[in-house]
Structure formats: structure tokens, C-alpha cells
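Participant: Pasting a structure here, questions to come.
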Number of protein chains: 2
Amino acid sequence: MFEISPSIRVRRSPFFEATVAAGVKGFIPYNQMLMPVGYGDPEAEYWRLINDVAQWDVAVERQIELSGPDAGKLAQILTPRDLTKCVADQGKYIALCNHRGTIINDPILLKLDEDRFWLSIADSNVLFWARAITAERGLDVEAFEADVSPLAVQGPKANDVIAAIFGDWVRDLKFFWFKKVEIEGIPLMLARSGWSKQGGFELYLMDGTKGTALWDIVREAGQPFGIGPGNPNLCERVESGLLSWGSDTDDDTNPYEIGLGKYIDLDVADDVVGVSALRDVNANGAKRHQLGLVLDGDSPMKPHIVWYDIVVDGRKVGHMTNGVWSHRKKRNIGFALVSRDIASGDRVEVRKNGAVVNGTLCDLPFL
Amino acid sequence: MFEISPSIRVRRSPFFEATVAAGVKGFIPYNQMLMPVGYGDPEAEYWRLINDVAQWDVAVERQIELSGPDAGKLAQILTPRDLTKCVADQGKYIALCNHRGTIINDPILLKLDEDRFWLSIADSNVLFWARAITAERGLDVEAFEADVSPLAVQGPKANDVIAAIFGDWVRDLKFFWFKKVEIEGIPLMLARSGWSKQGGFELYLMDGTKGTALWDIVREAGQPFGIGPGNPNLCERVESGLLSWGSDTDDDTNPYEIGLGKYIDLDVADDVVGVSALRDVNANGAKRHQLGLVLDGDSPMKPHIVWYDIVVDGRKVGHMTNGVWSHRKKRNIGFALVSRDIASGDRVEVRKNGAVVNGTLCDLPFL
């Protein structure tokens, strides 16, 4: 396509030089930072994630730190998921909603301490949001972007790689739990986490000058296990039914529409942003729901860069929000965000740039 | 550099196809949209702006519309510039500040009507901010991103081009004032505005399907005047002392530090976000100020992509926030954001990637 011109507006990750050395071919901007999205052999990168292990620069998952006496109070105000049982060293996947109940980010919350939290964010400005709510509610919290950059290690052999570096205790780390560790003088939080269903860890680098050093430690430890570079993998995440906020959501999407109702606790306090609107949605039923979609035909298509209309009997019923060739299903698959009266098993038309492709709706995940 | 991978996260402008046809070479992401930043001959594009006229795709200046009974009240709450005398069809350059007085965007406000405004924004998420304040204050306003995309026509011959399309009345349009017009069925707001000091207009396209049509109308009308494609010009804007929010500002910059004190009215109501903090800054004096900086040497340097430290007598006194070769001054110039005890005329050292370049501070603008 086209070049990204060097700009102060798109920051480089602490792992930037390491990814260049590893042969990175392209980036997308995400949270005002460059995220690697390929090293030249997409299919090999996919199978490495499925069968072995890969290391990903996901520094773009910026950490918005909430710090101060009211940090816990603010964290709860920002999400309609009950956090009362969340303890230090534990993480939770949460939805941030606005006052209308629209989801505006879906971070991992990491509870560092009673008065200190990180929100490991998707691609939207949570900093402005958190500061506005903090100030308008008169809370005693400092919200800022911390110098913390995750490196993901994902795949079935991630346990072996991380155990080789930190010891066998890591095999017992529970999902979304984390622990402060240090390796060769590099401070980091080690979490069992990551945006794939293949298992793995995220190493939250806490010193932005040590990116190459950490990358190389992981690369060396991973050699016996066939590690290689990769990035959040579109094919795997679609097969696994993982949401991409901002790709699969629009300015009117609430958590119930996209399978996140299980992360919403409607009995949180009334001062939680969006909970009142979400109670109404829950009572009346969401207008849309998210399903899988398998397109007819067996030749690989290019990934989407826009939403396509889904039509049934001449009526527009929603959108296909992503689409990709599945290497395991050998079909073009994607997510559908459609009217509630359209169900799994229904046949639909997808209108792509004037052409029509037929497909069948199904339940998520695909695999 | 590297490729931008196609992604749903970086939207294409309504003028995208037209800029591709015009030979665009690179983009930067800005407000989750691709902004063209060059057509292959930077110096020719610069002189075209200085001597003739250029047309720019600045659709990335998204319009956040505030609509509803409390829209005027919200607009005033969002900025410490007094808007009481602003009337319909008038625009104003405003600073948006957070509760600490930090500038978080510097849009043009366009007053469409008593209960309808656009904020033509720089590169930050004003939508989240406006919605948070609206809901927390209980105001009756809808805030949303409108389908409006500016096309800029800039340069000394812009008057002639725009008059050729719309008539000679446009020559009398006052700075930042605008008027609703239509050309060949394309609805737009025509404003005397634009991010250069060479004069010109912005055509706020109000139908995203008509981008190529509007681009071509301007291109055809501009032929007798030597029009060509361009983009917000780093060299010209630095020479002219124009601020670039997010490039020349950091997470702690207030309007007084960057020459925007004249747009701050401290006698606005106490409920205006940030005014209390700004009164304190004004009373105590800002810690930093913005100056120009002329570097020694006469060989062109590459534009900055990070801030460089400025050092005086071994003490770090601030940052050089941008830098570019000036085609008119034949020197490398930029902006300095430095401690108040450092003054115009002072000699300074700039630490660039381990090297030291000397320079002299001066007043802005350069030209």
C-alpha cells in the first residue's frame, strides 16, 4: 500500500529496533504507536502460533495507570464489572462503557495494589476519559500513561519458553494473574494473558530502554521451541471468536450485543458509568447480536478494511465486521453483527463493493 | 520507511481516491484516518503554497458536532475562551483544556446555530471528552462525529480559485467566518480558514460520497492559477509559527506556555473546565515558554520525529519540539519549549541522538 511517513504522532515501541532486526514488513497505528503486523510470511506466522510459539510486540497495549487513594473507587466507576473480589496481582477483562452503555474500550485491568491499577487498553483514548470522570467526580486519583510495554509470548509452547527463563513456578500462574519479576536487571510484570486462544504470557516491560534486551532474552530462550516473531493474528483471533474493539464495534455497540454480557454485573452501584443504560438494555433485550459467518466458496479473500452490509430477503439486517481466510477451516469466515431476529443457521447475502457473496451464520467461536 | 497495512482502524478520506490519482506518496494516521503528507516533490509543494495555490485533503480534521438545547452551554464549558459574542456563521480558534489547564486540543469552533456547533479538531479524542463532560454535567446535548470533511485551498491565489467557483463575494468573507453553499449539488460550508499563513479557504464537504467530485471541481478551477496537490506544510507552518497540537505540546503544556494566552479569557464562568487551574498559572507565571530556534550550519536536516533536549551550561532547560529546513531562511529552524529564564537571543545546545548541535533562540514567527 503506502508509506507511513515518520512523524512525532506515531511513536515507536521499545521493541521497535528488535522488530526491525527480525524483519518486520508493515505496521498499523494503534494508540498513537506503531504496531508490527507482519514479518513476510503470514501463513508460517499463523502455524507457528498454532503449533509452537511466537513473540509479539504489543507495546501498543498502553497501560493507563490509576494511582491514589480513590483509584479503586474510580476503577469500579469506570466498569460495570464487579471488582470487589479482585485482589492484588490479579487481572480481569473488563468493559468500559460510556453513559449510554456503549462500549468504549475493553482493557485488562491489573490490580497492582489497593490504590494502584493498570488498564491495559485497546485502541481508544482511555486517558482523557478517566481524567474527565476523575475530575468531574472530585476523586483523588492521578491517571497517566505509564512507561510499560507488553511483549506477548503466545502458543502451546509458551509455557516451556517462559519456564526456561523464570522457572517452573510460572506453569502454575492462573489466567490473568501476574507477578512482579526481574530478569538480567529488567523489571517486569509477568502475566498469564494474551490475545489468542493458544495460551501464553504477556511480559509487561517496565523500563522502556530495555526493549531489545528483553526481546533477545525471549528469542534466545525460545530457540529450542521454534520461536519466531509474530503479531496479534487476525486469522486465529477470528477462528477463536476474540473481539477486536474498534474493528468489531461501532459507536452504538453495547456489551450484550457482542457476547460480553457475562462480564457485566448489573448490581454494581448506581454511580458506575453506563450501568443504568445497561440495565435498560438487559431488560428490553439488545437489538443486535454477534454471530459467526462462513462464506460460500473456497478461494481465500483479502481481509476486510470496511464493514460490509448483510442482507436477508432484500432487507439490510446488519454488518460483517471482519473477514479472513481460515487456514484450519479452509473457508472465508468472519463475524456478523446482526439484528436479533436473524439466527445461527440462517443464509445471508454479504454486499461487498457491489458484488454479492452468500454465506451461512453460525455460533462463535469457530474453533 | 514501512508500509501501513490496510486496516479498519485507519479510515480513508472521501478524497482518498482523488489523492491517489494525484500521486500521493505517503500518509500519517491522524484521528484514525489517513492524511496525505506528500506527492513526491516536497520543495515544489512548498513553493506552490508560497507563490501560487495548493489543494489539501484535510478530512482528518474531523468535525465533532454538538447539537441540542445545551450545545452552546457545553461549548463554553469546554473552552476558556469567551464565546458570548460569537454568532452564527462565525468561527473561532479555541483551546480545549482539561481540569489541570493542560491543552488537550485546539480546534476551530464553527457556530452553525444557537444550538449547533462543530469543533474542527486536531489529533485527539474530543468525542470521548465532550461526551464525558456532557453526561457528568447532565446537559442535553448530542455529541457525535459528523460526516464532514474539509478540503483546504491555500496560497496567495486561493482567492482567485474560490472566486472562480463561487463568485466574487468570497473575497469579502472575513477570517474564520463561513457560509453554507452548494456547487453542482454538493453541499458544503465555505470558510476563510486554513493551517497556513498564506491565506485561503476550507471547504467543509458535507457529503462523504462526493469527495472526488469536489476535488476535481477545485482542481479544474485552479488550473489557470497553477494549482496542485499539497498537504499541511511542515516548513511553512514552522516558519509562520503555527502550533501543531500533539507535536509541540506534551501532557503538561498549558496555553500560556505556547503563545495562546490571548485566546484565554479568565473571567469566563467558574464552571468552565480548566479555568481555575489557568487562573493559577496566570497568577504565578507559566514555567515554560515557546520560542523559535535557529540551528548553526547550512545543510538541510531531516524533520524531527522525537523531541530533542535543549541544554544550557550543562543544564537541561527544555525541548526542541520540531525542526525543519527553511527554504526561505536557508537554515534549520524549529520551536523550543524552554524554561522561562531562557530568552530570545540565548545560545543553546540541542542534543540529537548523542550529537550536539548549537543554535540561537529567537522570537516567533520566523517569517
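Ligands are numbered from 1 in the order shown, residues from 1 within each chain, and chains are lettered A, B, ... in the order they appear in the C-alpha cells.
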Considering only C-alpha atoms, give me a table of residues in range 91-169 of chain A that are at most 10 Å from range 240-244 of chain A, with the closest atom pair and distance in Å for each, as a tab-separated table.

Facilitator:
```
residue	atom	partner	partner_atom	distance
A:Asn105	CA	A:Ser244	CA	9.7
A:Asp106	CA	A:Ser244	CA	8.8
A:Ala122	CA	A:Ser244	CA	8.1
A:Asp123	CA	A:Ser244	CA	9.2
```

Participant: Could you dump the residues just selected with N, CA and C atoms as a short mmCIF file (atom, residue, chain, number, x, y, z; two decimals), in the first residue's frame?

Facilitator:
```cif
data_model
loop_
_atom_site.label_atom_id
_atom_site.label_comp_id
_atom_site.auth_asym_id
_atom_site.auth_seq_id
_atom_site.Cartn_x
_atom_site.Cartn_y
_atom_site.Cartn_z
N ASN A 105 -13.99 0.76 25.33
CA ASN A 105 -12.70 0.08 25.37
C ASN A 105 -12.93 -1.23 26.11
N ASP A 106 -12.05 -2.20 25.90
CA ASP A 106 -12.16 -3.48 26.63
C ASP A 106 -10.79 -3.91 27.14
N ALA A 122 -7.23 -1.29 24.73
CA ALA A 122 -7.41 -1.36 23.29
C ALA A 122 -7.26 0.05 22.71
N ASP A 123 -7.60 0.21 21.44
CA ASP A 123 -7.23 1.41 20.69
C ASP A 123 -8.21 2.57 20.85
#
```

Participant: Would you list the contacts of range 55-64 of chain B as a count of residues only, taking every protein, DNA or RNA residue within 9 Å and counting only C-alpha atoms, but skipping same-chain residues closer than 6 positions in sequence?

Facilitator: 49

Participant: Taking only C-alpha atoms into account, what are the residues of chain B at most 8 Å from chain A, put as a PyMOL selection string?

Facilitator: chain B and resi 1-10+25-30+37+98-99+124-125+128-129+132-133+135-136+246-247+304-306

Participant: Can those selected residues be exported to a file as an mmCIF file, in the first residue's frame so that it contains N, CA and C atoms?

Facilitator:
```cif
data_model
loop_
_atom_site.group_PDB
_atom_site.id
_atom_site.type_symbol
_atom_site.label_atom_id
_atom_site.label_comp_id
_atom_site.auth_asym_id
_atom_site.auth_seq_id
_atom_site.Cartn_x
_atom_site.Cartn_y
_atom_site.Cartn_z
ATOM 1 N N MET B 1 10.124 4.398 4.532
ATOM 2 C CA MET B 1 10.055 3.719 5.812
ATOM 3 C C MET B 1 9.315 2.405 5.648
ATOM 4 N N PHE B 2 8.189 2.211 6.354
ATOM 5 C CA PHE B 2 7.475 0.953 6.288
ATOM 6 C C PHE B 2 6.072 1.165 5.765
ATOM 7 N N GLU B 3 5.430 0.064 5.412
ATOM 8 C CA GLU B 3 4.074 0.147 4.915
ATOM 9 C C GLU B 3 3.065 0.307 6.040
ATOM 10 N N ILE B 4 2.009 1.058 5.745
ATOM 11 C CA ILE B 4 0.798 0.990 6.556
ATOM 12 C C ILE B 4 0.004 -0.186 6.036
ATOM 13 N N SER B 5 -0.283 -1.142 6.870
ATOM 14 C CA SER B 5 -1.103 -2.258 6.426
ATOM 15 C C SER B 5 -2.560 -1.826 6.391
ATOM 16 N N PRO B 6 -3.299 -2.251 5.383
ATOM 17 C CA PRO B 6 -4.720 -1.904 5.331
ATOM 18 C C PRO B 6 -5.408 -2.356 6.616
ATOM 19 N N SER B 7 -6.221 -1.511 7.179
ATOM 20 C CA SER B 7 -6.847 -1.813 8.465
ATOM 21 C C SER B 7 -8.111 -1.008 8.613
ATOM 22 N N ILE B 8 -9.070 -1.595 9.261
ATOM 23 C CA ILE B 8 -10.321 -0.912 9.545
ATOM 24 C C ILE B 8 -10.081 0.259 10.512
ATOM 25 N N ARG B 9 -8.905 0.230 11.173
ATOM 26 C CA ARG B 9 -8.596 1.272 12.166
ATOM 27 C C ARG B 9 -8.162 2.597 11.560
ATOM 28 N N VAL B 10 -7.690 2.573 10.324
ATOM 29 C CA VAL B 10 -7.292 3.833 9.685
ATOM 30 C C VAL B 10 -8.198 4.042 8.479
ATOM 31 N N LYS B 25 2.189 10.013 -2.073
ATOM 32 C CA LYS B 25 3.288 9.073 -1.798
ATOM 33 C C LYS B 25 3.290 8.524 -0.379
ATOM 34 N N GLY B 26 2.736 9.249 0.569
ATOM 35 C CA GLY B 26 2.782 8.774 1.947
ATOM 36 C C GLY B 26 1.668 9.389 2.767
ATOM 37 N N PHE B 27 1.419 8.755 3.906
ATOM 38 C CA PHE B 27 0.348 9.207 4.794
ATOM 39 C C PHE B 27 0.854 9.212 6.233
ATOM 40 N N ILE B 28 0.197 9.969 7.083
ATOM 41 C CA ILE B 28 0.281 9.708 8.510
ATOM 42 C C ILE B 28 -1.137 9.475 9.030
ATOM 43 N N PRO B 29 -1.250 8.654 10.089
ATOM 44 C CA PRO B 29 -2.561 8.494 10.712
ATOM 45 C C PRO B 29 -2.839 9.697 11.606
ATOM 46 N N TYR B 30 -4.083 10.135 11.608
ATOM 47 C CA TYR B 30 -4.482 11.343 12.342
ATOM 48 C C TYR B 30 -5.980 11.192 12.576
ATOM 49 N N VAL B 37 0.628 13.132 3.114
ATOM 50 C CA VAL B 37 1.708 14.037 3.533
ATOM 51 C C VAL B 37 2.778 14.179 2.464
ATOM 52 N N ASN B 98 -7.978 20.488 29.911
ATOM 53 C CA ASN B 98 -8.541 19.617 30.933
ATOM 54 C C ASN B 98 -8.579 20.369 32.268
ATOM 55 N N HIS B 99 -8.976 19.691 33.307
ATOM 56 C CA HIS B 99 -9.203 20.358 34.594
ATOM 57 C C HIS B 99 -7.912 20.899 35.197
ATOM 58 N N SER B 124 -6.810 14.441 18.607
ATOM 59 C CA SER B 124 -7.084 13.771 19.885
ATOM 60 C C SER B 124 -8.579 13.530 20.014
ATOM 61 N N ASN B 125 -8.952 12.674 20.967
ATOM 62 C CA ASN B 125 -10.319 12.186 21.045
ATOM 63 C C ASN B 125 -11.244 13.147 21.800
ATOM 64 N N PHE B 128 -14.888 11.553 23.071
ATOM 65 C CA PHE B 128 -14.981 10.965 24.410
ATOM 66 C C PHE B 128 -15.039 12.065 25.470
ATOM 67 N N TRP B 129 -14.184 13.067 25.295
ATOM 68 C CA TRP B 129 -14.101 14.154 26.267
ATOM 69 C C TRP B 129 -15.434 14.900 26.373
ATOM 70 N N ALA B 132 -18.155 12.774 27.977
ATOM 71 C CA ALA B 132 -17.984 12.611 29.429
ATOM 72 C C ALA B 132 -18.489 13.854 30.155
ATOM 73 N N ILE B 133 -18.071 15.026 29.686
ATOM 74 C CA ILE B 133 -18.482 16.272 30.354
ATOM 75 C C ILE B 133 -19.994 16.456 30.231
ATOM 76 N N ALA B 135 -22.396 14.229 29.936
ATOM 77 C CA ALA B 135 -23.163 13.313 30.790
ATOM 78 C C ALA B 135 -22.955 13.623 32.258
ATOM 79 N N GLU B 136 -21.706 13.920 32.646
ATOM 80 C CA GLU B 136 -21.439 14.189 34.064
ATOM 81 C C GLU B 136 -22.114 15.478 34.523
ATOM 82 N N GLY B 246 -0.034 18.230 19.909
ATOM 83 C CA GLY B 246 0.399 16.834 19.922
ATOM 84 C C GLY B 246 1.805 16.656 19.391
ATOM 85 N N SER B 247 2.284 17.638 18.594
ATOM 86 C CA SER B 247 3.693 17.628 18.190
ATOM 87 C C SER B 247 4.473 18.615 19.060
ATOM 88 N N HIS B 304 12.154 16.274 12.561
ATOM 89 C CA HIS B 304 12.144 15.537 13.829
ATOM 90 C C HIS B 304 11.069 14.471 13.852
ATOM 91 N N ILE B 305 11.331 13.389 14.562
ATOM 92 C CA ILE B 305 10.218 12.517 14.942
ATOM 93 C C ILE B 305 10.181 12.289 16.448
ATOM 94 N N VAL B 306 11.092 12.922 17.180
ATOM 95 C CA VAL B 306 11.022 12.939 18.648
ATOM 96 C C VAL B 306 11.426 14.339 19.106
#
```

Participant: Ranking B:Asp172, B:Asp346, B:Glu65, B:Glu142 by minimum distance to Leu110 in chain B and counting only C-alpha atoms, which one comes first?

Facilitator: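 Result for the nearest residue to Leu110 in chain B: B:Glu65.
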
Participant: Based on the backbone DSSP call, show me all residues of range 72-123 of chain B assigned alpha helix (DSSP H), as a PyMOL selection string.

Facilitator: chain B and resi 72-78
